[in-house]
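Trainee: The structure under discussion is supplied below as structure tokens; questions concerning it will follow.
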Amino acid sequence: MLDSDWKYTETVQKRVRTIKVDFENRRVDVFDLELGVSLNFNADQAIDLGKVKRAKIYVATVKIYKAEFTEHLERQMIESALGNSERLKQVQAFKESGAKPTRFDLIKLEH
């Protein structure tokens with residue numbers, strides 16, 4: 001997880017379709033069916049990632065956090081996105097827009 005001063009904003013439920021499950025880093029890439037965008041969730045230890053199926057629709061309960069876009073956080077985001085051109089473009093878009101980075105912590109996943 002990226003090191004920064006993340007501030008909790010809200011807990012929401014989202015209808016998502018899974019794209020990829022990263023067991024090693026405990027991350028789940030999803031497509032948000034309501035917003036029409038791809039998101040990356042940090043999976044809570046209580047979630048059994050072995051039961052998460054690719055391309056399946058779930059209702060995800062997610063805690064949302066925001067942080068200031070500091071040089072330190074930018075460096076960490078770039079390092080974590082190396083090898084993924086889409087994520088590198090997102091980091092650049094954050095920097096140019098002045099938006100605050102958002103972190104999504106997946107705490108529950110239901111069919």
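Simple scheme: letters A, B, ... for chains in structure tokens order, numbers from 1 for residues in each chain, numbers from 1 for ligands in the order shown.
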Just the strand (DSSP E or B) stuff from segment 44-101 of chain A, please, per backbone DSSP, written as JSON, numbers by chain.

Mentor: {"A": [57, 58, 59, 60, 61, 62, 63, 64, 65, 66]}

Trainee: Show me, as an mmCIF file with C-alpha atoms, in the first residue's frame, the residues that have an atom within 6 Å of Trp6 of chain A when counting only C-alpha atoms, minus same-chain residues fewer than 4 positions from it.

Mentor:
data_model
loop_
_atom_site.group_PDB
_atom_site.id
_atom_site.type_symbol
_atom_site.label_atom_id
_atom_site.label_comp_id
_atom_site.auth_asym_id
_atom_site.auth_seq_id
_atom_site.Cartn_x
_atom_site.Cartn_y
_atom_site.Cartn_z
ATOM 1 C CA TYR A 65 -9.676 7.359 1.314
ATOM 2 C CA LYS A 66 -8.166 10.551 -0.170
ATOM 3 C CA ALA A 67 -4.668 12.036 0.122
#

Trainee: Go through A:Ala81, A:Leu73, A:Leu39, A:Leu33 one by one, measure the shortest atom-to-atom distance of each to Leu106 of chain A using only C-alpha atoms, and give the residue with the smallest value.

Mentor: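 Smallest separation from Leu106 of chain A among the options: A:Leu39.
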
Trainee: Mind checking DSSP for chain A and telling me the helix (DSSP H, G or I) residues as a list in words?

Mentor: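 Helix (DSSP H, G or I) assignments inside chain A correspond to Leu49, Gly50, Lys51, Glu71, His72, Leu73, Glu74, Arg75, Gln76, Met77, Ile78, Glu79, Ser80, Ala81, Ser85, Glu86, Arg87, Leu88, Lys89, Gln90, Val91, Gln92, Ala93, Phe94, Lys95, Glu96 and Ser97 of chain A.
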
Trainee: So that I can check the surroundings of Ser38 of chain A, please list as a short mmCIF file (atom, residue, chain, number, x, y, z; two decimals) with N, CA and C atoms, in the first residue's frame every protein, DNA and RNA residue that reaches within 9 Å of it, counting only C-alpha atoms and ignoring chain neighbours fewer than 3 positions away.

Mentor:
data_model
loop_
_atom_site.label_atom_id
_atom_site.label_comp_id
_atom_site.auth_asym_id
_atom_site.auth_seq_id
_atom_site.Cartn_x
_atom_site.Cartn_y
_atom_site.Cartn_z
N ILE A 19 -11.93 -7.97 -13.04
CA ILE A 19 -11.05 -8.04 -14.21
C ILE A 19 -9.86 -8.94 -13.90
N ASP A 29 -8.57 -5.85 -9.49
CA ASP A 29 -8.94 -4.88 -10.52
C ASP A 29 -10.38 -5.16 -10.92
N VAL A 30 -11.19 -4.09 -10.98
CA VAL A 30 -12.60 -4.25 -11.30
C VAL A 30 -13.03 -3.18 -12.30
N PHE A 31 -14.20 -3.40 -12.89
CA PHE A 31 -14.86 -2.40 -13.72
C PHE A 31 -16.12 -2.00 -12.97
N ASP A 32 -16.23 -0.72 -12.59
CA ASP A 32 -17.39 -0.20 -11.88
C ASP A 32 -18.54 -0.07 -12.88
N LEU A 35 -20.25 3.64 -12.77
CA LEU A 35 -19.44 4.76 -13.24
C LEU A 35 -18.83 4.52 -14.62
#
